[in-house]
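Engineer: One file: final_16.txt (compact mmCIF, C-alpha atoms).
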```
# COMPACT_ATOMS: atom_id res chain seq x y z
CA MET A 1 0.00 0.00 0.00
CA GLY A 2 1.39 3.36 -1.06
CA GLU A 3 1.97 6.40 1.11
CA LYS A 4 -1.22 8.24 0.22
CA THR A 5 -2.38 11.12 2.38
CA GLN A 6 -4.20 9.77 5.37
CA GLU A 7 -6.82 12.08 6.77
CA VAL A 8 -7.55 11.20 10.36
CA LYS A 9 -9.96 13.11 12.55
CA LEU A 10 -11.10 12.36 16.06
CA HIS A 11 -14.32 13.72 17.52
CA GLY A 12 -13.89 13.56 21.27
CA MET A 13 -14.50 15.14 24.64
CA TRP A 14 -11.78 16.04 27.14
CA ALA A 15 -13.42 14.35 30.14
CA SER A 16 -14.38 11.16 28.36
CA SER A 17 -12.14 8.21 29.09
CA TYR A 18 -13.46 6.48 25.95
CA SER A 19 -12.18 9.45 24.00
CA LYS A 20 -8.83 9.31 25.80
CA ARG A 21 -8.38 5.68 24.85
CA VAL A 22 -8.45 6.55 21.18
CA GLU A 23 -6.13 9.54 21.61
CA LEU A 24 -3.65 7.36 23.44
CA ALA A 25 -3.76 4.74 20.70
CA LEU A 26 -3.20 7.32 17.96
CA ARG A 27 -0.21 8.76 19.83
CA ILE A 28 1.33 5.37 20.52
CA LYS A 29 1.11 4.59 16.82
CA GLY A 30 2.44 8.01 15.88
CA ILE A 31 -0.59 8.75 13.71
CA PRO A 32 -1.15 12.45 13.02
CA TYR A 33 -4.75 13.50 13.55
CA ASP A 34 -7.07 16.47 13.84
CA TYR A 35 -8.92 16.66 17.10
CA ILE A 36 -12.42 18.08 17.31
CA GLU A 37 -13.69 18.83 20.81
CA GLU A 38 -17.42 18.15 20.98
CA ASP A 39 -19.82 19.94 23.29
CA LEU A 40 -22.08 17.11 24.38
CA ASN A 41 -24.89 19.58 25.08
CA ASN A 42 -24.63 20.89 21.55
CA LYS A 43 -23.39 18.10 19.34
CA SER A 44 -22.01 19.03 15.95
CA GLN A 45 -23.86 18.15 12.77
CA LEU A 46 -20.87 16.08 11.73
CA LEU A 47 -21.00 13.97 14.88
CA LEU A 48 -24.69 13.26 14.39
CA LYS A 49 -24.00 12.35 10.79
CA TYR A 50 -21.06 10.10 11.65
CA ASN A 51 -22.68 8.32 14.57
CA PRO A 52 -26.42 8.41 13.97
CA VAL A 53 -27.04 5.27 16.02
CA HIS A 54 -25.52 6.36 19.34
CA LYS A 55 -24.71 10.04 18.74
CA LYS A 56 -21.68 9.65 21.02
CA VAL A 57 -17.98 10.32 21.13
CA PRO A 58 -15.45 9.11 20.29
CA VAL A 59 -15.77 8.84 16.55
CA LEU A 60 -12.73 8.34 14.36
CA VAL A 61 -13.01 9.50 10.77
CA HIS A 62 -10.45 7.98 8.45
CA ASN A 63 -10.41 9.40 4.92
CA GLY A 64 -14.04 10.37 5.38
CA LYS A 65 -15.18 7.00 6.75
CA PRO A 66 -16.50 7.07 10.32
CA ILE A 67 -15.85 4.42 12.95
CA ALA A 68 -17.68 4.53 16.28
CA GLU A 69 -17.31 2.64 19.61
CA SER A 70 -13.93 3.11 21.27
CA TYR A 71 -13.06 -0.56 21.40
CA VAL A 72 -13.96 -1.08 17.74
CA ILE A 73 -11.81 1.96 16.91
CA LEU A 74 -8.82 0.55 18.79
CA GLU A 75 -8.94 -2.72 16.87
CA TYR A 76 -9.40 -0.79 13.61
CA ILE A 77 -6.35 1.36 14.34
CA ASP A 78 -4.23 -1.70 15.08
CA GLU A 79 -5.34 -3.46 11.90
CA THR A 80 -4.92 -0.43 9.64
CA TRP A 81 -1.59 1.02 10.77
CA LYS A 82 0.59 -2.02 10.82
CA ASP A 83 4.08 -0.49 10.82
CA SER A 84 4.16 0.70 14.37
CA PRO A 85 3.93 -0.74 17.84
CA LYS A 86 1.22 -3.40 17.88
CA LEU A 87 -1.59 -2.83 20.34
CA LEU A 88 -2.50 -6.51 20.29
CA PRO A 89 -0.17 -9.53 20.26
CA GLU A 90 0.56 -11.26 16.96
CA ASP A 91 -0.53 -14.75 17.99
CA ALA A 92 -4.18 -15.71 18.13
CA TYR A 93 -4.07 -17.08 21.67
CA GLY A 94 -2.37 -13.93 23.01
CA ARG A 95 -5.05 -11.88 21.27
CA ALA A 96 -7.79 -14.01 22.81
CA LYS A 97 -6.35 -13.42 26.28
CA VAL A 98 -6.13 -9.65 25.73
CA ARG A 99 -9.68 -9.55 24.38
CA PHE A 100 -10.92 -11.55 27.35
CA TRP A 101 -9.41 -9.08 29.82
CA ALA A 102 -10.54 -6.10 27.75
CA SER A 103 -14.08 -7.41 28.07
CA PHE A 104 -13.53 -7.91 31.81
CA ILE A 105 -12.24 -4.37 32.28
CA GLN A 106 -15.23 -2.96 30.48
CA GLN A 107 -17.99 -5.09 31.98
CA GLN A 108 -16.72 -5.90 35.44
CA LEU A 109 -14.52 -2.97 36.33
CA PHE A 110 -15.53 0.10 34.41
CA GLU A 111 -19.25 -0.31 34.81
CA ASN A 112 -18.95 -1.01 38.52
CA ILE A 113 -16.71 1.97 39.08
CA GLY A 114 -19.29 4.05 37.24
CA LYS A 115 -22.02 2.67 39.51
CA MET A 116 -20.20 4.07 42.51
CA PHE A 117 -21.01 7.54 41.27
CA THR A 118 -24.71 6.94 41.16
CA CYS A 119 -25.28 5.54 44.62
CA GLU A 120 -24.22 6.26 48.17
CA GLY A 121 -23.94 4.91 51.69
CA GLU A 122 -24.46 1.20 52.05
CA ALA A 123 -25.14 0.62 48.37
CA GLN A 124 -21.93 2.38 47.46
CA GLU A 125 -20.00 0.31 49.99
CA LYS A 126 -21.32 -2.83 48.39
CA VAL A 127 -20.28 -1.72 44.90
CA TYR A 128 -16.88 -0.67 46.23
CA LYS A 129 -16.34 -4.13 47.71
CA GLU A 130 -17.24 -5.66 44.35
CA VAL A 131 -14.81 -3.36 42.58
CA ILE A 132 -11.98 -4.38 44.89
CA GLU A 133 -12.87 -8.02 44.40
CA LYS A 134 -12.80 -7.63 40.63
CA LEU A 135 -9.55 -5.69 40.75
CA THR A 136 -7.93 -8.48 42.72
CA MET A 137 -9.22 -11.04 40.23
CA PHE A 138 -7.87 -8.90 37.44
CA GLU A 139 -4.50 -8.51 39.11
CA THR A 140 -4.12 -12.26 39.55
CA GLY A 141 -5.27 -12.97 36.05
CA ILE A 142 -3.01 -10.58 34.18
CA LYS A 143 0.17 -11.37 36.10
CA GLU A 144 0.88 -13.98 33.47
CA LEU A 145 0.58 -11.39 30.73
CA PHE A 146 3.52 -9.41 32.08
CA PRO A 147 6.73 -10.82 30.67
CA GLY A 148 9.13 -10.96 33.59
CA GLY A 149 7.18 -8.43 35.63
CA ALA A 150 7.76 -5.56 33.17
CA PRO A 151 5.40 -2.62 33.68
CA PHE A 152 3.59 -2.79 30.33
CA THR A 153 1.81 -5.69 28.72
CA ASN A 154 3.70 -5.44 25.41
CA GLY A 155 7.21 -5.21 26.80
CA GLU A 156 8.28 -1.59 26.59
CA ASN A 157 5.42 -0.47 24.37
CA LEU A 158 1.94 0.30 25.60
CA GLY A 159 -0.61 -2.22 24.40
CA LEU A 160 -4.39 -2.38 24.27
CA LEU A 161 -4.84 -3.41 27.90
CA ASP A 162 -2.54 -0.64 29.07
CA ILE A 163 -4.66 1.84 27.15
CA LEU A 164 -7.88 0.57 28.69
CA MET A 165 -6.41 0.43 32.19
CA SER A 166 -4.96 3.86 31.94
CA ALA A 167 -8.24 5.38 30.91
CA THR A 168 -10.22 3.38 33.47
CA LEU A 169 -7.99 3.46 36.49
CA THR A 170 -5.67 6.46 36.58
CA SER A 171 -8.56 8.36 38.01
CA HIS A 172 -8.63 5.92 40.91
CA LYS A 173 -7.36 8.56 43.30
CA ALA A 174 -10.27 10.78 42.34
CA VAL A 175 -12.60 7.84 42.86
CA GLU A 176 -11.08 7.22 46.28
CA GLU A 177 -11.62 10.81 47.32
CA PHE A 178 -15.15 10.70 46.06
CA ARG A 179 -15.90 7.65 48.10
CA SER A 180 -14.35 9.32 51.13
CA GLY A 181 -14.13 6.09 53.02
CA ASN A 182 -11.13 4.08 54.01
CA PRO A 183 -9.01 3.42 50.97
CA GLU A 184 -7.43 -0.01 50.92
CA PRO A 185 -4.12 0.58 49.21
CA ARG A 186 -2.83 -2.93 49.81
CA LYS A 187 -5.35 -4.55 47.48
CA GLU A 188 -4.71 -2.06 44.74
CA SER A 189 -0.95 -2.15 45.02
CA PHE A 190 -0.14 -3.81 41.75
CA ILE A 191 -2.57 -1.72 39.81
CA VAL A 192 -1.32 1.42 41.52
CA LEU A 193 2.19 0.51 40.51
CA MET A 194 1.10 0.03 36.94
CA CYS A 195 -0.88 3.26 36.86
CA ASN A 196 1.99 5.19 38.32
CA SER A 197 4.45 3.86 35.81
CA MET A 198 1.99 4.72 33.10
CA LYS A 199 1.73 8.27 34.38
CA GLU A 200 5.51 8.48 34.14
CA HIS A 201 5.37 7.43 30.52
CA PRO A 202 5.78 10.41 28.15
CA TRP A 203 2.30 9.96 26.69
CA MET B 1 0.76 -31.84 10.84
CA GLU B 2 0.57 -30.72 14.41
CA GLU B 3 -1.96 -32.11 16.82
CA ASN B 4 -5.14 -30.12 16.97
CA LYS B 5 -7.23 -31.19 19.93
CA VAL B 6 -10.37 -29.13 20.33
CA THR B 7 -12.89 -29.49 23.14
CA LEU B 8 -15.98 -27.39 23.72
CA HIS B 9 -17.59 -27.16 27.16
CA GLY B 10 -21.18 -26.07 26.61
CA VAL B 11 -24.82 -26.36 27.49
CA TRP B 12 -27.43 -27.44 24.92
CA ALA B 13 -29.90 -24.66 25.66
CA SER B 14 -27.39 -21.82 25.73
CA PRO B 15 -27.26 -19.53 22.71
CA TYR B 16 -23.69 -18.57 23.63
CA SER B 17 -22.72 -22.21 23.47
CA LYS B 18 -24.54 -22.69 20.16
CA ARG B 19 -22.59 -19.84 18.58
CA VAL B 20 -19.33 -21.64 19.12
CA GLU B 21 -20.73 -24.99 17.98
CA LEU B 22 -21.95 -23.36 14.80
CA ALA B 23 -18.60 -21.72 14.11
CA LEU B 24 -16.73 -24.99 14.63
CA LYS B 25 -19.10 -26.88 12.32
CA LEU B 26 -18.95 -24.18 9.64
CA LYS B 27 -15.19 -24.32 9.63
CA GLY B 28 -15.26 -28.10 9.58
CA ILE B 29 -13.22 -28.34 12.78
CA PRO B 30 -13.49 -31.72 14.52
CA PHE B 31 -14.15 -31.27 18.22
CA GLU B 32 -15.15 -33.06 21.37
CA TYR B 33 -18.25 -31.74 23.08
CA VAL B 34 -18.66 -31.77 26.84
CA GLU B 35 -22.17 -31.05 28.09
CA GLU B 36 -21.92 -29.20 31.41
CA ASP B 37 -24.45 -29.39 34.19
CA LEU B 38 -24.61 -25.81 35.42
CA THR B 39 -25.84 -26.90 38.83
CA ASN B 40 -22.82 -29.19 39.12
CA LYS B 41 -19.97 -27.67 37.14
CA SER B 42 -17.09 -29.93 36.25
CA PRO B 43 -13.70 -29.33 37.91
CA LEU B 44 -12.30 -28.86 34.41
CA LEU B 45 -14.69 -26.01 33.68
CA LEU B 46 -13.80 -24.31 36.95
CA LYS B 47 -10.13 -24.73 36.12
CA TYR B 48 -10.50 -23.40 32.57
CA ASN B 49 -12.71 -20.45 33.44
CA PRO B 50 -11.90 -19.50 37.03
CA VAL B 51 -12.93 -15.88 36.51
CA HIS B 52 -16.51 -16.39 35.33
CA LYS B 53 -17.05 -20.14 35.78
CA LYS B 54 -19.28 -20.05 32.72
CA ILE B 55 -19.72 -21.80 29.42
CA PRO B 56 -18.85 -21.82 26.65
CA VAL B 57 -15.16 -22.57 26.98
CA LEU B 58 -13.11 -23.71 24.02
CA VAL B 59 -9.99 -25.70 24.82
CA HIS B 60 -7.44 -25.87 22.03
CA ASN B 61 -4.44 -28.09 22.66
CA GLY B 62 -4.96 -27.61 26.37
CA LYS B 63 -5.29 -23.81 26.22
CA PRO B 64 -8.66 -22.45 27.32
CA ILE B 65 -10.46 -19.55 25.65
CA CYS B 66 -13.55 -18.00 27.26
CA GLU B 67 -16.30 -15.57 26.20
CA SER B 68 -18.23 -16.59 23.10
CA LEU B 69 -17.26 -13.58 20.96
CA VAL B 70 -13.59 -13.89 21.90
CA ILE B 71 -13.78 -17.57 20.96
CA LEU B 72 -15.35 -16.78 17.59
CA GLU B 73 -12.57 -14.33 16.71
CA TYR B 74 -9.97 -16.87 17.88
CA ILE B 75 -11.50 -19.57 15.69
CA ASP B 76 -11.51 -17.25 12.70
CA GLU B 77 -7.86 -16.29 13.20
CA THR B 78 -6.63 -19.81 13.85
CA TRP B 79 -8.45 -21.85 11.23
CA LYS B 80 -8.15 -20.09 7.93
CA ASP B 81 -9.97 -22.73 5.85
CA GLY B 82 -13.70 -22.58 5.48
CA PRO B 83 -15.83 -19.44 5.51
CA GLN B 84 -14.23 -16.30 6.94
CA LEU B 85 -16.34 -15.25 9.91
CA LEU B 86 -15.12 -11.67 9.69
CA PRO B 87 -14.35 -9.70 6.53
CA GLN B 88 -10.73 -9.09 5.59
CA ASP B 89 -11.00 -5.35 5.10
CA PRO B 90 -10.40 -3.43 8.36
CA TYR B 91 -13.20 -0.94 7.72
CA LYS B 92 -15.74 -3.69 7.03
CA ARG B 93 -14.50 -5.51 10.12
CA ALA B 94 -15.08 -2.34 12.12
CA GLN B 95 -18.63 -2.12 10.80
CA VAL B 96 -19.36 -5.76 11.68
CA ARG B 97 -17.86 -5.30 15.16
CA PHE B 98 -19.96 -2.19 15.66
CA TRP B 99 -23.18 -4.10 14.94
CA ILE B 100 -22.10 -7.05 17.07
CA SER B 101 -21.56 -4.64 19.94
CA TYR B 102 -24.95 -3.07 19.25
CA LEU B 103 -26.77 -6.41 19.26
CA GLN B 104 -25.01 -7.48 22.42
CA GLN B 105 -25.83 -4.29 24.30
CA GLN B 106 -29.34 -3.70 23.12
CA SER B 107 -30.80 -7.12 22.55
CA SER B 108 -29.38 -8.83 25.59
CA GLY B 109 -30.79 -6.13 27.82
CA GLN B 110 -34.24 -6.24 26.31
CA LEU B 111 -34.26 -9.97 25.94
CA MET B 112 -33.34 -10.35 29.59
CA LEU B 113 -36.59 -8.67 30.38
CA ILE B 114 -38.54 -10.85 28.05
CA ILE B 115 -36.65 -14.10 27.79
CA PRO B 116 -33.71 -15.12 29.90
CA PRO B 117 -31.02 -16.06 27.38
CA ASP B 118 -29.51 -18.90 29.32
CA VAL B 119 -30.59 -21.60 31.72
CA MET B 120 -29.37 -19.74 34.78
CA GLY B 121 -32.63 -17.86 35.08
CA SER B 122 -32.86 -14.11 35.46
CA ILE B 123 -35.46 -11.40 35.70
CA THR B 124 -38.49 -12.02 33.60
CA SER B 125 -41.53 -9.93 33.45
CA ASP B 126 -45.14 -9.77 32.46
CA GLY B 127 -47.75 -7.23 31.52
CA GLU B 128 -46.69 -3.62 31.36
CA THR B 129 -42.95 -4.14 31.78
CA GLN B 130 -42.97 -6.78 29.12
CA GLU B 131 -44.84 -4.55 26.73
CA LYS B 132 -42.43 -1.70 27.27
CA ALA B 133 -39.46 -4.01 26.87
CA SER B 134 -40.77 -5.53 23.68
CA LYS B 135 -41.45 -2.04 22.25
CA GLU B 136 -37.86 -1.05 23.01
CA LEU B 137 -36.56 -4.25 21.50
CA PHE B 138 -38.52 -3.63 18.34
CA GLU B 139 -37.09 -0.10 18.08
CA LYS B 140 -33.54 -1.36 18.51
CA LEU B 141 -34.11 -4.05 15.90
CA LYS B 142 -35.43 -1.42 13.52
CA VAL B 143 -32.22 0.59 13.93
CA PHE B 144 -30.20 -2.55 13.32
CA GLU B 145 -32.21 -3.39 10.23
CA GLU B 146 -31.67 0.09 8.80
CA GLY B 147 -27.99 -0.01 9.60
CA VAL B 148 -27.25 -3.35 7.95
CA LYS B 149 -29.22 -2.66 4.77
CA GLU B 150 -25.95 -1.71 3.07
CA PHE B 151 -24.69 -5.27 3.57
CA PHE B 152 -27.45 -6.45 1.24
CA PRO B 153 -27.32 -4.23 -1.84
CA ASP B 154 -30.09 -6.08 -3.64
CA GLY B 155 -32.37 -6.09 -0.62
CA THR B 156 -32.48 -9.83 -0.01
CA PRO B 157 -30.22 -11.57 2.44
CA CYS B 158 -28.61 -14.48 0.71
CA VAL B 159 -26.88 -16.89 3.01
CA ASP B 160 -25.17 -20.07 2.01
CA ASN B 161 -22.76 -22.44 3.69
CA ASN B 162 -19.75 -20.64 2.32
CA SER B 163 -20.67 -17.15 3.30
CA VAL B 164 -21.90 -17.48 6.87
CA GLY B 165 -20.28 -14.83 9.01
CA ILE B 166 -20.13 -13.74 12.61
CA LEU B 167 -23.25 -11.56 12.37
CA ASP B 168 -25.24 -14.47 10.99
CA ILE B 169 -24.03 -16.62 13.86
CA LEU B 170 -24.94 -13.96 16.38
CA LEU B 171 -28.40 -13.41 14.92
CA VAL B 172 -29.27 -17.07 14.85
CA SER B 173 -28.07 -17.52 18.43
CA LEU B 174 -30.17 -14.61 19.67
CA PHE B 175 -33.22 -14.93 17.43
CA GLY B 176 -33.08 -18.27 15.66
CA ALA B 177 -35.61 -19.59 18.14
CA HIS B 178 -37.82 -16.52 17.85
CA LYS B 179 -40.84 -18.59 16.93
CA VAL B 180 -40.42 -20.67 20.06
CA GLN B 181 -39.82 -17.57 22.15
CA SER B 182 -42.92 -15.97 20.64
CA GLU B 183 -44.91 -19.08 21.40
CA VAL B 184 -43.90 -19.11 25.04
CA LEU B 185 -44.47 -15.41 25.58
CA GLY B 186 -47.49 -14.82 23.40
CA ILE B 187 -45.90 -11.85 21.65
CA LYS B 188 -44.13 -11.58 18.31
CA ILE B 189 -40.40 -11.18 18.69
CA ILE B 190 -39.58 -10.82 15.01
CA ASP B 191 -42.58 -9.72 13.01
CA GLN B 192 -42.46 -10.50 9.32
CA GLU B 193 -44.31 -7.32 8.47
CA LYS B 194 -42.51 -4.97 10.83
CA ASN B 195 -39.00 -6.37 10.40
CA PRO B 196 -39.10 -7.88 6.91
CA LEU B 197 -35.35 -7.80 6.29
CA LEU B 198 -34.50 -9.30 9.66
CA PHE B 199 -37.22 -11.91 9.33
CA SER B 200 -36.04 -13.10 5.93
CA TRP B 201 -32.40 -12.97 7.02
CA ILE B 202 -33.00 -15.11 10.11
CA THR B 203 -35.19 -17.52 8.16
CA ALA B 204 -32.44 -17.92 5.56
CA ILE B 205 -29.87 -18.73 8.24
CA THR B 206 -32.08 -21.22 10.06
CA GLU B 207 -32.66 -23.07 6.79
CA LEU B 208 -28.97 -23.92 6.47
CA PRO B 209 -28.37 -27.63 7.07
CA VAL B 210 -25.53 -26.97 9.51
CA VAL B 211 -27.77 -24.71 11.60
CA LYS B 212 -30.64 -27.20 11.53
CA GLU B 213 -28.26 -29.81 12.91
CA ILE B 214 -27.59 -27.90 16.06
CA ILE B 215 -30.80 -26.02 16.83
CA PRO B 216 -32.45 -27.80 19.77
CA PRO B 217 -35.72 -29.62 19.07
CA HIS B 218 -38.76 -27.34 19.19
CA ASP B 219 -40.61 -29.07 22.03
CA LYS B 220 -37.56 -29.41 24.24
CA LEU B 221 -36.85 -25.70 23.90
CA VAL B 222 -40.46 -24.72 24.56
CA ALA B 223 -40.40 -26.79 27.74
CA VAL B 224 -37.17 -25.22 28.97
CA LEU B 225 -38.33 -21.69 28.22
CA HIS B 226 -41.62 -22.30 30.02
CA THR B 227 -39.75 -23.53 33.08
CA ILE B 228 -37.41 -20.56 33.11
CA ARG B 229 -40.21 -18.10 32.58
CA ASN B 230 -42.37 -19.54 35.33
CA ALA B 231 -39.47 -19.55 37.74
CA GLY B 232 -38.65 -15.99 36.78
CA LEU B 233 -42.20 -14.74 37.18
CA LYS B 234 -42.43 -16.27 40.64
CA SER B 235 -39.09 -14.90 41.78
CA PRO B 236 -38.86 -11.81 44.01
CA ALA B 237 -36.99 -10.06 41.22
CA ALA B 238 -39.93 -10.31 38.83
CA LEU B 239 -41.36 -7.07 37.52
CA PRO B 240 -45.07 -6.32 36.99
```
Take the structure from the file and write it as structure tokens.
Structural biologist:
Amino acid sequence: MGEKTQEVKLHGMWASSYSKRVELALRIKGIPYDYIEEDLNNKSQLLLKYNPVHKKVPVLVHNGKPIAESYVILEYIDETWKDSPKLLPEDAYGRAKVRFWASFIQQQLFENIGKMFTCEGEAQEKVYKEVIEKLTMFETGIKELFPGGAPFTNGENLGLLDILMSATLTSHKAVEEFRSGNPEPRKESFIVLMCNSMKEHPW
Amino acid sequence: MEENKVTLHGVWASPYSKRVELALKLKGIPFEYVEEDLTNKSPLLLKYNPVHKKIPVLVHNGKPICESLVILEYIDETWKDGPQLLPQDPYKRAQVRFWISYLQQQSSGQLMLIIPPDVMGSITSDGETQEKASKELFEKLKVFEEGVKEFFPDGTPCVDNNSVGILDILLVSLFGAHKVQSEVLGIKIIDQEKNPLLFSWITAITELPVVKEIIPPHDKLVAVLHTIRNAGLKSPAALP
């Protein structure tokens, strides 16, 4: 495939972690893009045209063709720009493991963390306990994905899971404050370590 | 030729399980099937899927893969002979993945209110809640129908053994038994007049010999759905 001009635009929102995931992926791959900040109370005509089904950000537009759903976009980016760090492993089994944990992060972690914002008191405590439980499960499960204990799942390069984790969990301190209960740093230790090393990373 | 041992842990009434069975049969992959009793899960299942303890689980040369959609992508990437479940072109793949995600989010939610998708029972409902849920389901299906029209440029879904893809598999697992589901609930899940494209698409898929082989017998499925529904309606979680 020749070096034709690639027009890449991202419709996003600064506070959206779904949006951040895509930005991170584009930067890791070194893909130049135009960023369009959307006002979710006043969505642009383009956004509504590009994502008529959900009318949400992020939407990636590649040479005029729109792709919606952050996870779908991440896989698209990895499959389209092949000459740069891979977001997913090359082998099918490695990919299956990453996809399994990506699904876990989204369904078990992210949604539960989100629930914490919409309830309080005893109900919130219960959700918090579930979140910690899931985090521990996650920690145990992905230990095998880290070659020799290295901080990122793809060796030195950030991979898909790192992107999802970063967007989901680097706000964990904010979540802790919000909960204003007793944080349990011990259980989150590994994740904290990973998030901190990700914060240190230039991107 | 390296050894290729494939085992599938599943449950006959589970649409998630059926998806994987269908994919394996379409690709012509020989496999061993292990029927799990969900009230008495095998130690192997618990070992292979410690996180969710659920079926289906595909075991390939001793390596377990969980989550039906993850398994389908794995199958497609590992066995290149037979129909390609996903298109080659990244943009088309993105479109297919978008609609898969849509069906998973929308339909599962609505269907949970109307029909529990697997034997483990869940909230079912009657009366007003059911009516609202079925209206919402219909609206979502309409959006889906509109969205996938571009996949069928001449308006008629044509499905044959060589061109069955992941969306076809998903549709038949969710709605292949729509007539049975409609029978049990007394409402039309897929209406030929309201969702003509979807109706003809699903009918075309269910006519395929390989699909007919694995769809559970009508009466058995009716019986199971009745049991689940009655249990659900009686449960404290039931909605009016």
Engineer: Against chain A, which residues of chain B fall within 6 Å? For each one I want the closest pair of atoms and the distance in Å (one decimal), counting all atoms listed in the file, rows by chain and increasing residue number, as a Markdown table.
Structural biologist:
```
| residue | atom | partner | partner_atom | distance |
| --- | --- | --- | --- | --- |
| B:Val70 | CA | A:Ala96 | CA | 5.9 |
| B:Tyr74 | CA | A:Ala92 | CA | 5.9 |
| B:Pro90 | CA | A:Tyr76 | CA | 6.0 |
| B:Ala94 | CA | A:Val72 | CA | 5.9 |
```
Engineer: How big is the axis-aligned box around the listed atoms of region 34-47 of chain B once 6 Å is added on each side, and where is its centre? Give both in Å to one decimal, as AutoDock Vina command-line options.
Structural biologist:
```
--center_x -18.0 --center_y -28.0 --center_z 33.0 --size_x 27.7 --size_y 19.5 --size_z 24.3
```
Engineer: Work out how far CA of Ser68 (chain B) is from CA of Gln108 (chain A), in Å to one decimal.
Structural biologist: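 Between CA of Gln108 (chain A) and CA of Ser68 (chain B) the gap is 16.4 Å.
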Engineer: Kindly indicate which residue among B:Gly147, B:Pro217, B:Pro83, B:Gly186 lies nearest to Ser134 (chain B), using all atoms listed in the file for the distances.
Structural biologist: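 Checking each candidate against Ser134 (chain B), we get B:Gly186 as the closest.
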Engineer: Name the residues within 10 Å of (-15.5, -27.9, 7.1), counting all atoms listed in the file in the file's coordinates, and put them as a list in words.
Structural biologist: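 All residues meeting the 10 Å criterion around (-15.5, -27.9, 7.1) are Ala23, Leu24, Lys25, Leu26, Lys27, Gly28, Ile29, Pro30, Asp81, Gly82, Pro83, Asn161 and Asn162 of chain B.
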Engineer: At a cut-off of 9 Å, using all atoms listed in the file, what residues contact Lys18 (chain B)? Leave out same-chain residues fewer than 6 positions from it and give the result as a PyMOL selection string.
Structural biologist: chain B and resi 10-12+56+169+173+214-215
Engineer: Given the point (-23.7, 6.4, 14.3) in the file's coordinates, find the residues that have an atom at most 12 Å from it, counting all atoms listed in the file, and give them as a PyMOL selection string.
Structural biologist: (chain A and resi 45-61+65-69) or (chain B and resi 95+98-99+102+143-144+146-147)
Engineer: At what distance in Å, to one decimal, does CA of Lys115 (chain A) lie from CA of His52 (chain B)?
Structural biologist: 20.3 Å
